[in-house]
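A.B. asks: File name data.cif; file contents mmCIF, C-alpha atoms and all ligand atoms; full text below.
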data_structure
#
loop_
_atom_site.label_atom_id
_atom_site.label_comp_id
_atom_site.auth_asym_id
_atom_site.auth_seq_id
_atom_site.Cartn_x
_atom_site.Cartn_y
_atom_site.Cartn_z
CA MET A 187 -6.39 4.64 46.14
CA GLU A 188 -9.77 6.25 45.61
CA GLU A 189 -12.24 3.77 44.21
CA CYS A 190 -13.85 4.62 40.88
CA ARG A 191 -17.59 5.09 41.09
CA PRO A 192 -19.38 3.28 38.28
CA ILE A 193 -21.52 5.59 36.13
CA LEU A 194 -23.41 3.12 34.04
CA ASN A 195 -26.27 3.59 31.60
CA THR A 196 -27.23 6.98 32.98
CA GLY A 197 -26.77 8.84 29.72
CA LEU A 198 -24.59 11.06 31.96
CA ARG A 199 -27.71 12.62 33.54
CA GLY A 200 -26.86 14.43 36.73
CA PHE A 201 -23.09 14.30 36.12
CA SER A 202 -21.10 17.42 35.38
CA VAL A 203 -18.43 16.77 32.78
CA ALA A 204 -16.88 20.26 32.60
CA THR A 205 -17.15 23.78 33.91
CA THR A 206 -18.72 26.51 31.78
CA LYS A 207 -19.39 30.24 32.07
CA ILE A 208 -21.76 30.37 29.11
CA SER A 209 -25.14 29.46 30.54
CA ASP A 210 -26.85 27.88 33.49
CA VAL A 211 -29.93 25.70 33.49
CA ASP A 212 -31.50 25.31 36.91
CA GLY A 213 -33.82 22.39 36.30
CA ALA A 214 -35.45 22.49 39.72
CA ALA A 215 -36.23 26.21 39.68
CA GLY A 216 -36.98 26.36 35.94
CA LYS A 217 -34.37 29.03 35.30
CA LEU A 218 -32.18 29.54 32.25
CA SER A 219 -29.50 32.22 32.15
CA TYR A 220 -27.01 33.30 29.48
CA ARG A 221 -23.78 34.77 30.89
CA GLY A 222 -25.64 35.72 34.04
CA TYR A 223 -28.79 37.17 32.40
CA LEU A 224 -32.08 35.30 32.68
CA ALA A 225 -33.30 34.29 29.21
CA LYS A 226 -36.80 35.37 30.23
CA ASP A 227 -35.48 38.89 30.85
CA LEU A 228 -33.80 38.99 27.44
CA ALA A 229 -36.85 37.62 25.60
CA GLY A 230 -38.97 40.31 23.98
CA VAL A 231 -36.48 43.09 24.69
CA ALA A 232 -33.05 42.03 23.45
CA GLU A 233 -32.20 41.76 19.78
CA PHE A 234 -30.84 38.38 18.74
CA GLU A 235 -27.66 40.19 17.69
CA GLU A 236 -27.20 41.46 21.26
CA VAL A 237 -27.47 37.88 22.47
CA ILE A 238 -24.92 36.77 19.87
CA PHE A 239 -22.55 39.39 21.27
CA LEU A 240 -23.32 38.42 24.85
CA LEU A 241 -22.69 34.72 24.28
CA LEU A 242 -19.51 35.21 22.27
CA TYR A 243 -17.95 38.19 24.07
CA GLU A 244 -19.24 37.52 27.61
CA ARG A 245 -21.00 40.89 28.03
CA LEU A 246 -23.73 42.96 26.45
CA PRO A 247 -22.54 45.20 23.61
CA GLU A 248 -22.45 48.96 23.59
CA LYS A 249 -24.27 50.68 20.70
CA LYS A 250 -21.19 50.97 18.51
CA GLU A 251 -20.18 47.37 19.15
CA LEU A 252 -23.66 46.14 18.26
CA SER A 253 -23.66 48.11 15.05
CA GLU A 254 -20.20 46.74 14.15
CA LEU A 255 -21.39 43.19 14.81
CA LYS A 256 -24.43 43.75 12.61
CA SER A 257 -22.19 45.02 9.81
CA ARG A 258 -19.93 42.00 10.11
CA LEU A 259 -22.91 39.66 10.01
CA ALA A 260 -24.31 41.48 6.96
CA GLU A 261 -20.95 41.26 5.17
CA ASN A 262 -20.83 37.52 5.78
CA MET A 263 -24.37 36.42 4.96
CA HIS A 264 -23.64 35.45 1.37
CA VAL A 265 -22.92 31.79 0.71
CA PRO A 266 -20.36 30.78 -1.95
CA GLU A 267 -22.06 30.11 -5.29
CA VAL A 268 -20.57 26.59 -5.49
CA ILE A 269 -22.46 25.69 -2.32
CA VAL A 270 -25.70 27.08 -3.74
CA GLU A 271 -25.02 24.98 -6.86
CA ALA A 272 -24.44 21.91 -4.67
CA LEU A 273 -27.81 22.54 -3.00
CA LYS A 274 -29.41 22.82 -6.43
CA SER A 275 -28.04 19.43 -7.44
CA SER A 276 -29.20 17.70 -4.21
CA PRO A 277 -32.33 15.54 -4.27
CA LYS A 278 -35.36 17.76 -3.60
CA ASP A 279 -36.59 15.39 -0.90
CA ALA A 280 -33.27 15.34 1.02
CA LEU A 281 -33.71 15.90 4.74
CA PRO A 282 -33.15 19.60 5.52
CA MET A 283 -30.89 18.85 8.50
CA ASP A 284 -28.72 16.65 6.26
CA ILE A 285 -28.52 19.47 3.74
CA LEU A 286 -27.53 21.88 6.51
CA GLN A 287 -24.93 19.51 7.91
CA SER A 288 -23.32 19.00 4.48
CA ALA A 289 -23.39 22.73 3.76
CA VAL A 290 -21.67 23.53 7.08
CA THR A 291 -18.89 21.13 6.13
CA MET A 292 -18.63 22.66 2.66
CA LEU A 293 -18.36 26.15 4.16
CA ALA A 294 -15.12 25.04 5.81
CA HIS A 295 -13.48 24.71 2.37
CA HIS A 296 -14.07 28.42 1.77
CA ASP A 297 -13.03 29.85 5.11
CA PRO A 298 -9.66 31.66 4.97
CA ASP A 299 -9.04 30.96 8.68
CA ILE A 300 -9.63 27.22 8.53
CA LYS A 301 -6.01 26.24 9.17
CA GLU A 302 -5.44 28.69 11.99
CA HIS A 303 -5.95 27.44 15.53
CA SER A 304 -6.42 30.59 17.57
CA ARG A 305 -9.18 32.23 19.55
CA GLU A 306 -9.28 35.19 17.12
CA ALA A 307 -9.65 32.90 14.10
CA ALA A 308 -12.34 30.86 15.86
CA MET A 309 -14.28 34.07 16.62
CA ARG A 310 -14.11 35.14 12.97
CA MET A 311 -15.24 31.70 11.82
CA ALA A 312 -18.07 31.75 14.37
CA ILE A 313 -19.40 35.04 12.98
CA ARG A 314 -19.25 33.67 9.43
CA LEU A 315 -21.16 30.54 10.40
CA ILE A 316 -23.79 32.45 12.37
CA ALA A 317 -24.27 34.77 9.38
CA LYS A 318 -24.40 32.05 6.71
CA MET A 319 -26.50 29.33 8.30
CA PRO A 320 -29.81 31.24 7.95
CA THR A 321 -28.98 31.90 4.27
CA ILE A 322 -28.43 28.18 3.68
CA VAL A 323 -31.64 27.09 5.39
CA ALA A 324 -33.74 29.71 3.60
CA ALA A 325 -32.09 28.92 0.26
CA TRP A 326 -32.84 25.23 0.66
CA GLY A 327 -36.45 26.05 1.56
CA ARG A 328 -36.76 27.66 -1.88
CA ILE A 329 -34.43 25.56 -4.05
CA ARG A 330 -36.25 22.32 -3.23
CA ASN A 331 -39.45 23.96 -4.53
CA ASP A 332 -37.74 25.07 -7.75
CA ARG A 333 -37.58 28.67 -6.62
CA SER A 334 -34.50 30.89 -6.79
CA PRO A 335 -32.81 31.76 -3.51
CA VAL A 336 -33.45 35.30 -2.27
CA GLN A 337 -30.28 37.27 -1.52
CA PRO A 338 -29.92 38.48 2.07
CA SER A 339 -30.80 42.11 2.66
CA PRO A 340 -28.05 43.95 4.58
CA GLU A 341 -30.45 46.39 6.22
CA LEU A 342 -32.53 43.68 7.91
CA ASN A 343 -31.69 42.05 11.22
CA GLN A 344 -31.11 38.28 11.48
CA ALA A 345 -34.76 37.55 12.34
CA ALA A 346 -36.32 39.58 9.54
CA ASN A 347 -33.66 38.50 7.06
CA PHE A 348 -34.31 34.81 7.53
CA LEU A 349 -38.06 35.15 6.96
CA TYR A 350 -37.42 37.47 4.01
CA MET A 351 -34.98 35.03 2.38
CA LEU A 352 -37.37 32.14 2.97
CA LYS A 353 -40.56 33.76 1.73
CA GLY A 354 -39.37 36.61 -0.48
CA GLU A 355 -41.40 39.14 1.53
CA LYS A 356 -40.26 41.29 4.42
CA PRO A 357 -42.09 40.34 7.62
CA ASP A 358 -43.90 43.03 9.62
CA ASP A 359 -42.66 44.25 12.98
CA GLU A 360 -44.80 41.93 15.08
CA ILE A 361 -43.68 38.78 13.28
CA THR A 362 -40.06 39.97 13.24
CA GLY A 363 -40.26 40.63 16.98
CA PHE A 364 -41.75 37.21 17.73
CA PHE A 365 -39.23 35.42 15.55
CA ASN A 366 -36.42 37.43 17.15
CA THR A 367 -37.65 36.20 20.55
CA CYS A 368 -37.67 32.60 19.29
CA LEU A 369 -34.06 32.98 18.17
CA VAL A 370 -33.11 34.49 21.55
CA LEU A 371 -34.76 31.63 23.44
CA HIS A 372 -33.18 28.92 21.30
CA ALA A 373 -29.67 30.41 21.27
CA GLU A 374 -28.16 28.42 24.10
CA HIS A 375 -28.96 25.67 26.59
CA SER A 376 -25.81 24.42 28.31
CA PHE A 377 -24.62 20.82 27.82
CA ASN A 378 -27.55 19.41 25.85
CA ALA A 379 -26.86 16.59 23.38
CA SER A 380 -25.86 18.72 20.38
CA THR A 381 -23.72 21.12 22.42
CA PHE A 382 -21.94 18.21 24.04
CA SER A 383 -21.36 16.76 20.55
CA ALA A 384 -19.82 20.07 19.47
CA ARG A 385 -17.64 20.29 22.57
CA GLN A 386 -16.50 16.72 22.27
CA VAL A 387 -15.38 17.25 18.67
CA ALA A 388 -13.80 20.59 19.61
CA SER A 389 -11.88 18.88 22.41
CA THR A 390 -9.89 16.99 19.75
CA ARG A 391 -8.83 20.41 18.34
CA ALA A 392 -10.86 19.81 15.21
CA HIS A 393 -12.02 23.14 13.74
CA ILE A 394 -15.31 24.86 14.50
CA TYR A 395 -17.00 23.71 11.26
CA ALA A 396 -16.32 20.05 12.13
CA ALA A 397 -17.69 20.58 15.64
CA ILE A 398 -20.81 22.38 14.44
CA ALA A 399 -21.50 19.85 11.68
CA ALA A 400 -21.51 17.20 14.43
CA ALA A 401 -23.87 19.31 16.51
CA VAL A 402 -26.26 19.70 13.57
CA GLY A 403 -26.35 15.90 13.23
CA SER A 404 -27.08 15.55 16.91
CA LEU A 405 -29.82 18.18 16.87
CA SER A 406 -31.61 16.41 14.02
CA GLY A 407 -32.74 13.54 16.27
CA ALA A 408 -36.39 13.17 17.25
CA LEU A 409 -35.65 13.31 20.97
CA HIS A 410 -33.68 16.55 20.63
CA GLY A 411 -34.23 19.38 18.11
CA GLY A 412 -36.19 17.12 15.79
CA ALA A 413 -39.00 17.20 18.34
CA ASN A 414 -40.42 20.55 17.13
CA THR A 415 -41.19 19.12 13.67
CA ARG A 416 -42.75 16.08 15.28
CA VAL A 417 -44.87 18.22 17.60
CA MET A 418 -46.47 19.88 14.59
CA GLN A 419 -46.95 16.56 12.80
CA MET A 420 -48.65 15.31 15.97
CA LEU A 421 -50.94 18.37 16.16
CA LEU A 422 -51.93 17.90 12.51
CA GLU A 423 -52.54 14.22 13.12
CA ILE A 424 -54.78 14.95 16.12
CA GLY A 425 -56.57 17.63 14.10
CA SER A 426 -59.11 18.89 16.64
CA VAL A 427 -59.47 19.50 20.36
CA ASP A 428 -62.10 16.75 20.84
CA LYS A 429 -59.54 14.11 19.72
CA VAL A 430 -56.85 15.12 22.22
CA GLU A 431 -57.79 12.80 25.08
CA GLY A 432 -58.15 9.76 22.81
CA TYR A 433 -54.74 10.51 21.31
CA ILE A 434 -53.08 10.80 24.73
CA GLU A 435 -54.64 7.55 25.88
CA GLN A 436 -53.49 5.72 22.78
CA VAL A 437 -49.92 7.07 23.01
CA LEU A 438 -49.45 6.46 26.72
CA SER A 439 -51.01 3.00 26.64
CA THR A 440 -48.65 1.87 23.87
CA GLY A 441 -45.48 3.23 25.51
CA GLY A 442 -45.21 6.10 23.01
CA LYS A 443 -44.22 9.68 23.73
CA ILE A 444 -46.17 12.88 23.49
CA MET A 445 -43.75 15.05 21.59
CA GLY A 446 -42.83 18.36 23.21
CA LEU A 447 -43.49 17.15 26.75
CA GLY A 448 -40.72 16.17 29.15
CA HIS A 449 -37.17 17.32 29.56
CA ALA A 450 -33.95 15.71 30.71
CA VAL A 451 -33.17 18.64 33.05
CA TYR A 452 -36.28 20.69 33.90
CA GLN A 453 -38.40 19.23 36.67
CA THR A 454 -40.78 22.16 36.40
CA ASP A 455 -41.98 24.49 33.66
CA ASP A 456 -39.45 25.10 30.91
CA PRO A 457 -39.26 28.91 31.11
CA ARG A 458 -39.01 29.13 27.31
CA ALA A 459 -42.33 27.34 26.79
CA ARG A 460 -44.11 29.87 28.99
CA ILE A 461 -42.85 32.73 26.81
CA LEU A 462 -43.60 30.99 23.52
CA ALA A 463 -47.18 29.99 24.42
CA PRO A 464 -48.69 33.53 24.46
CA MET A 465 -47.00 34.32 21.15
CA SER A 466 -48.63 31.25 19.62
CA ARG A 467 -51.99 32.35 21.09
CA ARG A 468 -51.56 35.83 19.60
CA LEU A 469 -50.74 34.48 16.13
CA GLY A 470 -53.73 32.14 16.35
CA GLU A 471 -55.91 35.21 16.93
CA ARG A 472 -54.15 37.20 14.26
CA THR A 473 -54.46 34.53 11.58
CA GLY A 474 -58.07 33.80 12.59
CA ASP A 475 -57.18 30.13 13.11
CA PRO A 476 -56.67 29.47 16.83
CA THR A 477 -56.82 25.67 16.27
CA TRP A 478 -53.11 24.95 16.68
CA TYR A 479 -52.66 27.04 19.78
CA GLU A 480 -55.88 25.69 21.35
CA LEU A 481 -54.91 22.14 20.49
CA SER A 482 -51.47 22.61 22.04
CA ARG A 483 -52.89 24.14 25.20
CA HIS A 484 -55.42 21.35 25.60
CA LEU A 485 -52.83 18.69 24.86
CA GLU A 486 -50.49 20.18 27.46
CA GLU A 487 -53.20 20.25 30.13
CA LYS A 488 -54.63 16.79 29.43
CA GLY A 489 -51.19 15.27 28.77
CA LYS A 490 -49.97 16.47 32.17
CA GLU A 491 -53.03 15.04 33.91
CA ALA A 492 -52.77 11.67 32.16
CA PHE A 493 -49.02 11.41 32.82
CA LYS A 494 -49.55 12.11 36.51
CA ARG A 495 -52.31 9.53 36.67
CA LYS A 496 -50.33 6.83 34.88
CA LYS A 497 -46.77 7.46 36.08
CA GLY A 498 -47.44 9.24 39.34
CA LYS A 499 -45.19 12.15 38.41
CA GLU A 500 -45.27 15.54 36.71
CA ILE A 501 -44.38 16.31 33.13
CA TYR A 502 -44.06 19.76 31.54
CA ALA A 503 -44.07 21.32 28.10
CA ASN A 504 -40.58 21.95 26.73
CA VAL A 505 -39.28 24.56 24.26
CA ASP A 506 -40.43 22.57 21.24
CA PHE A 507 -44.05 22.33 22.32
CA TYR A 508 -45.24 25.87 21.52
CA SER A 509 -42.52 26.77 19.05
CA ALA A 510 -44.15 24.25 16.70
CA SER A 511 -47.50 26.06 16.37
CA LEU A 512 -45.73 29.41 16.45
CA TYR A 513 -43.52 28.56 13.46
CA TYR A 514 -46.52 27.04 11.70
CA TYR A 515 -48.45 30.28 12.12
CA MET A 516 -45.43 32.13 10.72
CA GLY A 517 -45.66 30.01 7.58
CA ILE A 518 -42.36 28.20 8.11
CA PRO A 519 -42.49 24.72 6.51
CA ILE A 520 -42.73 22.01 9.17
CA ASP A 521 -39.55 20.20 8.19
CA LEU A 522 -37.58 23.45 8.49
CA PHE A 523 -38.45 23.88 12.19
CA THR A 524 -35.34 21.99 13.29
CA PRO A 525 -32.99 23.84 10.91
CA VAL A 526 -34.50 27.07 12.31
CA PHE A 527 -33.57 25.82 15.78
CA ALA A 528 -30.01 25.28 14.47
CA VAL A 529 -29.89 28.82 13.03
CA ALA A 530 -30.32 30.10 16.61
CA ARG A 531 -28.38 27.41 18.48
CA VAL A 532 -25.27 27.81 16.34
CA VAL A 533 -24.51 30.81 18.56
CA GLY A 534 -24.39 28.68 21.70
CA TRP A 535 -22.47 25.93 19.91
CA ALA A 536 -19.87 28.45 18.72
CA ALA A 537 -19.47 29.90 22.21
CA HIS A 538 -18.98 26.39 23.58
CA VAL A 539 -16.44 25.41 20.93
CA ILE A 540 -14.43 28.54 21.74
CA GLU A 541 -14.70 27.94 25.49
CA GLU A 542 -13.69 24.30 25.03
CA GLN A 543 -10.62 25.17 22.97
CA PHE A 544 -9.55 28.50 24.44
CA GLY A 545 -11.48 28.88 27.69
CA GLY A 546 -8.63 27.63 29.80
CA ALA A 547 -10.63 25.28 32.04
CA ALA A 548 -7.61 24.15 34.00
CA SER A 549 -9.12 21.14 35.69
CA LYS A 550 -10.34 19.26 32.61
CA PRO A 551 -8.06 17.04 30.55
CA VAL A 552 -7.95 18.22 26.96
CA LEU A 553 -9.94 15.37 25.43
CA TYR A 554 -13.25 13.88 26.49
CA ARG A 555 -12.57 10.19 26.70
CA PRO A 556 -15.06 8.28 28.83
CA ASP A 557 -14.85 4.57 29.52
CA ALA A 558 -17.45 1.90 28.91
CA GLU A 559 -17.79 -1.36 30.76
CA TYR A 560 -17.34 -4.22 28.33
CA ILE A 561 -20.13 -6.77 28.68
CA GLY A 562 -19.47 -8.90 25.58
CA ASP A 563 -19.46 -12.64 26.33
CA TYR A 564 -18.85 -14.06 22.87
CA CYS A 565 -16.35 -16.71 24.02
CA GLY A 566 -16.96 -16.85 27.78
CA PRO A 567 -14.43 -15.11 30.02
CA ASP A 568 -11.58 -15.58 27.49
CA GLU A 569 -10.84 -13.92 24.20
CA CYS A 570 -12.02 -15.66 21.04
CA SER A 571 -9.46 -17.56 18.90
CA PHE A 572 -9.44 -16.55 15.29
CA ILE A 573 -10.49 -19.38 12.95
CA PRO A 574 -9.41 -18.89 9.32
CA LEU A 575 -12.27 -18.42 6.86
CA ASP A 576 -11.99 -21.86 5.19
CA LYS A 577 -12.13 -23.62 8.58
CA ARG A 578 -15.26 -21.85 9.93
C1 LIG A 601 -36.83 14.80 26.42
C2 LIG A 601 -36.86 13.39 26.99
C3 LIG A 601 -35.96 12.49 26.14
C4 LIG A 601 -36.32 13.50 28.40
O1 LIG A 601 -36.34 12.30 28.90
P1 LIG A 601 -35.77 11.84 30.32
O2 LIG A 601 -35.88 12.85 31.37
O3 LIG A 601 -34.46 11.28 30.09
O4 LIG A 601 -36.80 10.83 30.68
P2 LIG A 601 -37.00 9.44 30.04
O5 LIG A 601 -36.98 9.50 28.55
O6 LIG A 601 -36.03 8.53 30.70
O7 LIG A 601 -38.46 9.20 30.55
C5 LIG A 601 -38.83 8.93 31.88
C6 LIG A 601 -40.19 8.29 31.82
O8 LIG A 601 -41.13 9.25 31.37
C7 LIG A 601 -41.71 8.84 30.14
N1 LIG A 601 -41.79 10.01 29.27
C8 LIG A 601 -40.88 11.02 29.17
N2 LIG A 601 -41.29 11.92 28.29
C9 LIG A 601 -42.48 11.48 27.83
C10 LIG A 601 -43.38 12.00 26.89
N3 LIG A 601 -43.13 13.12 26.24
N4 LIG A 601 -44.51 11.31 26.65
C11 LIG A 601 -44.77 10.17 27.30
N5 LIG A 601 -43.95 9.61 28.20
C12 LIG A 601 -42.81 10.28 28.47
C13 LIG A 601 -40.73 7.83 29.57
O9 LIG A 601 -41.37 6.95 28.66
C14 LIG A 601 -40.24 7.15 30.81
O10 LIG A 601 -41.18 6.25 31.25
P3 LIG A 601 -40.72 4.90 32.03
O11 LIG A 601 -40.06 5.39 33.30
O12 LIG A 601 -41.99 4.16 32.25
O13 LIG A 601 -39.76 4.22 31.11
C15 LIG A 601 -38.29 12.82 27.01
O14 LIG A 601 -39.10 13.56 27.89
C16 LIG A 601 -38.92 12.78 25.63
O15 LIG A 601 -38.64 11.87 24.85
N6 LIG A 601 -39.81 13.77 25.30
C17 LIG A 601 -40.42 13.83 24.00
C18 LIG A 601 -39.44 14.36 22.96
C19 LIG A 601 -39.16 15.83 23.12
O16 LIG A 601 -40.05 16.63 23.29
N7 LIG A 601 -37.88 16.19 23.04
C20 LIG A 601 -37.43 17.56 23.12
C21 LIG A 601 -36.68 17.81 24.36
S1 LIG A 601 -36.29 19.51 24.56
#
Written as structure tokens, that's how I'd like the structure from this file.

C.D. replies:
Amino acid sequence: MEECRPILNTGLRGFSVATTKISDVDGAAGKLSYRGYLAKDLAGVAEFEEVIFLLLYERLPEKKELSELKSRLAENMHVPEVIVEALKSSPKDALPMDILQSAVTMLAHHDPDIKEHSREAAMRMAIRLIAKMPTIVAAWGRIRNDRSPVQPSPELNQAANFLYMLKGEKPDDEITGFFNTCLVLHAEHSFNASTFSARQVASTRAHIYAAIAAAVGSLSGALHGGANTRVMQMLLEIGSVDKVEGYIEQVLSTGGKIMGLGHAVYQTDDPRARILAPMSRRLGERTGDPTWYELSRHLEEKGKEAFKRKKGKEIYANVDFYSASLYYYMGIPIDLFTPVFAVARVVGWAAHVIEEQFGGAASKPVLYRPDAEYIGDYCGPDECSFIPLDKR
């Protein structure tokens, strides 16, 4: 009999747990591709809606298909009034990712396909979720400040619509284009923590809302999507370029982490960071306040040098590093950075849920069910004997 190889305390790094056709992350080469297309080739040229089509339907859309998808998204952007009312009655200081997670679950109550387990129903539900999540995040951004939500505008694309619903003003073409590129770059990233959460829930045949609510919870963590918010908090805390080296020294000497640096898969530049950085530089110039871009650039350079010196190895900026200053320049509130990430990543999550449930990966058992090695030693090698409460 083949002996089982122990896979202990690795956090599953380096182990493939399933096959996928959705995306590929080549950590050594620093390459990310969606359905065969390099993300760097899509960035700046593809509309987010084209990427939604690509990830869900496995090919780029033709003109008519793209326009049909846009109409379907526009038809589905509105959020049921009871959910808006629930947001209004939530504490104003509730964490935005918690609000989003609850709202995703509430959306399930209103979806006519919720009891149908079929690929077609899952596709329809995916479109509804992709359309409604930006509306929820933007609405919460206003409701918590005692402002009325702004209704989505059917003639705007996803990128412009989100910023319009958040701020009440239509963004110009440059900002729309940059935000569109951010959405494209955040749309998918293979089996990261939140996607794996979604797939694991989907593997039980739970519906797509349950899987995506789990993914939202996973993304909220500081080491995952929550890092972009923390990058900006870190930049504000550092405050100026002359304090960068002191900050790095203090963090590295106390075993802390420089947020936005390091990645579980990339061993070279994260290709997304290299596309986001010049956009941050441009918005620094445009707003007349280059501080946050300059600080990031300096922190990246000095952080890399210090890491190499102390740990003897390389570290690189990840996707969250420059998206932080970029979103800040766009006027997005810092604690909405991670929900904005979710607004893009829901596309990848949805594609993965559908692949997990209907992709027909023949070699994988239906459910994910790993083992763990029990190391409890409460009563030596034997089981403990139960002692009734009055005898303990
Ligand atoms: C993303 C991350 C969890 C990937 O981690 P990983 O590849 O599993 O590597 P580990 O967390 O095991 O770290 C390996 C070593 O590098 C150090 N390290 C990793 N990222 C670091 C960072 N950003 N700052 C300082 N030290 C870092 C760890 O402390 C660890 O040191 P040790 O070997 O002395 O214990 C990690 O780089 C991190 O926490 N980065 C900051 C948070 C972040 O930006 N997250 C967004 C990811 S897209």

A.B. asks: In Å, rounded to a single decimal, give me how far atom CA of A:Ile461 is from atom CA of A:Arg531.

C.D. replies: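 Result for atom CA of A:Arg531 versus atom CA of A:Ile461: 17.5 Å, one decimal.
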
A.B. asks: Neighbours of A:Ser304 within 12 Å (only C-alpha atoms; same-chain residues fewer than 2 positions away dropped), as an NGL selection string?

C.D. replies: :A and (299-302 or 306-311 or 391-394 or 539-541 or 543-545)

A.B. asks: Restricted to C-alpha atoms, what would the selected residues look like written as a PDB file, in the frame of the given file?

C.D. replies:
ATOM      1  CA  ASP A 299      -9.040  30.960   8.680  1.00  0.00           C
ATOM      2  CA  ILE A 300      -9.630  27.220   8.530  1.00  0.00           C
ATOM      3  CA  LYS A 301      -6.010  26.240   9.170  1.00  0.00           C
ATOM      4  CA  GLU A 302      -5.440  28.690  11.990  1.00  0.00           C
ATOM      5  CA  GLU A 306      -9.280  35.190  17.120  1.00  0.00           C
ATOM      6  CA  ALA A 307      -9.650  32.900  14.100  1.00  0.00           C
ATOM      7  CA  ALA A 308     -12.340  30.860  15.860  1.00  0.00           C
ATOM      8  CA  MET A 309     -14.280  34.070  16.620  1.00  0.00           C
ATOM      9  CA  ARG A 310     -14.110  35.140  12.970  1.00  0.00           C
ATOM     10  CA  MET A 311     -15.240  31.700  11.820  1.00  0.00           C
ATOM     11  CA  ARG A 391      -8.830  20.410  18.340  1.00  0.00           C
ATOM     12  CA  ALA A 392     -10.860  19.810  15.210  1.00  0.00           C
ATOM     13  CA  HIS A 393     -12.020  23.140  13.740  1.00  0.00           C
ATOM     14  CA  ILE A 394     -15.310  24.860  14.500  1.00  0.00           C
ATOM     15  CA  VAL A 539     -16.440  25.410  20.930  1.00  0.00           C
ATOM     16  CA  ILE A 540     -14.430  28.540  21.740  1.00  0.00           C
ATOM     17  CA  GLU A 541     -14.700  27.940  25.490  1.00  0.00           C
ATOM     18  CA  GLN A 543     -10.620  25.170  22.970  1.00  0.00           C
ATOM     19  CA  PHE A 544      -9.550  28.500  24.440  1.00  0.00           C
ATOM     20  CA  GLY A 545     -11.480  28.880  27.690  1.00  0.00           C
TER      21      GLY A 545
END

A.B. asks: Could you tell me how far atom CA of A:Ser389 sits from atom CA of A:Leu553, in Å to one decimal place?

C.D. replies: 5.0 Å

A.B. asks: Just want the 8 Å neighbourhood of A:Arg330, counted on all atoms listed in the file, with same-chain residues fewer than 6 positions away dropped. Output as a list in words.

C.D. replies: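 Close residues of A:Arg330: Lys274, Pro277, Lys278 and Asp279 of chain A.
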
A.B. asks: Out of A:Ala384, A:His264, A:Ala289, A:Gly222, which residue has the shortest atom-to-atom distance to A:Pro338 when counting all atoms listed in the file?

C.D. replies: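 Of all the options, A:His264 lies closest to A:Pro338.
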
A.B. asks: Would you please work out which residue, of A:Ala450, A:Ala232, A:Ala312, A:Ala324, is nearest to A:Gly363 when using all atoms listed in the file?

C.D. replies: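 Using all atoms listed in the file, the shortest distance to A:Gly363 belongs to A:Ala232.
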
A.B. asks: How close does chain A get to ligand LIG 601 (chain A)? List, as a Markdown table, each residue of chain A within 8 Å, its nearest atom pair and the distance in Å to one decimal, counting all atoms listed in the file.

C.D. replies:
| residue | atom | partner | partner_atom | distance |
| --- | --- | --- | --- | --- |
| A:Arg199 | CA | A:LIG601 | O3 | 7.7 |
| A:Ala408 | CA | A:LIG601 | C18 | 6.6 |
| A:Leu409 | CA | A:LIG601 | N7 | 4.2 |
| A:His410 | CA | A:LIG601 | C20 | 4.6 |
| A:Gly411 | CA | A:LIG601 | C20 | 6.2 |
| A:Gly412 | CA | A:LIG601 | C20 | 7.4 |
| A:Ala413 | CA | A:LIG601 | N7 | 4.9 |
| A:Asn414 | CA | A:LIG601 | O16 | 7.3 |
| A:Val417 | CA | A:LIG601 | O16 | 7.6 |
| A:Val437 | CA | A:LIG601 | C11 | 7.4 |
| A:Leu438 | CA | A:LIG601 | C11 | 6.0 |
| A:Gly441 | CA | A:LIG601 | O9 | 6.4 |
| A:Gly442 | CA | A:LIG601 | C11 | 5.9 |
| A:Lys443 | CA | A:LIG601 | N4 | 3.4 |
| A:Ile444 | CA | A:LIG601 | N4 | 3.9 |
| A:Met445 | CA | A:LIG601 | C17 | 4.3 |
| A:Gly446 | CA | A:LIG601 | O16 | 3.3 |
| A:Leu447 | CA | A:LIG601 | N3 | 4.1 |
| A:Gly448 | CA | A:LIG601 | O14 | 3.3 |
| A:His449 | CA | A:LIG601 | C1 | 4.0 |
| A:Ala450 | CA | A:LIG601 | O2 | 3.5 |
| A:Val451 | CA | A:LIG601 | O2 | 6.6 |
| A:Phe493 | CA | A:LIG601 | C11 | 7.1 |
| A:Lys497 | CA | A:LIG601 | O12 | 7.0 |
| A:Ile501 | CA | A:LIG601 | N2 | 7.2 |
| A:Ala503 | CA | A:LIG601 | O16 | 7.8 |
| A:Asn504 | CA | A:LIG601 | S1 | 5.4 |
| A:Val505 | CA | A:LIG601 | S1 | 5.9 |
| A:Asp506 | CA | A:LIG601 | S1 | 6.1 |
| A:Phe507 | CA | A:LIG601 | O16 | 7.0 |

A.B. asks: Point out the residue among A:Ser380, A:Lys496, A:His372, A:Ala388 with the least atom-to-atom distance to A:Phe523, counting all atoms listed in the file.

C.D. replies: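 Smallest distance to A:Phe523 is found for A:His372.
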
A.B. asks: List as an NGL selection string the protein and nucleic acid residues near stretch 290-294 of chain A, meaning an atom at most 10 Å away when all atoms listed in the file are counted, but skip any in the same chain fewer than 6 places from it.

C.D. replies: :A and (265-266 or 268-269 or 272 or 284 or 300-301 or 311 or 314-315 or 318-319 or 322 or 393-400 or 402)

A.B. asks: For each of A:Met418, A:Ala214, A:Leu349, A:Leu281, take the minimum atom-to-atom distance to A:Pro320, counting all atoms listed in the file, then give the residue where this is smallest.

C.D. replies: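 Looking only at the distances to A:Pro320, the closest residue turns out to be A:Leu349.
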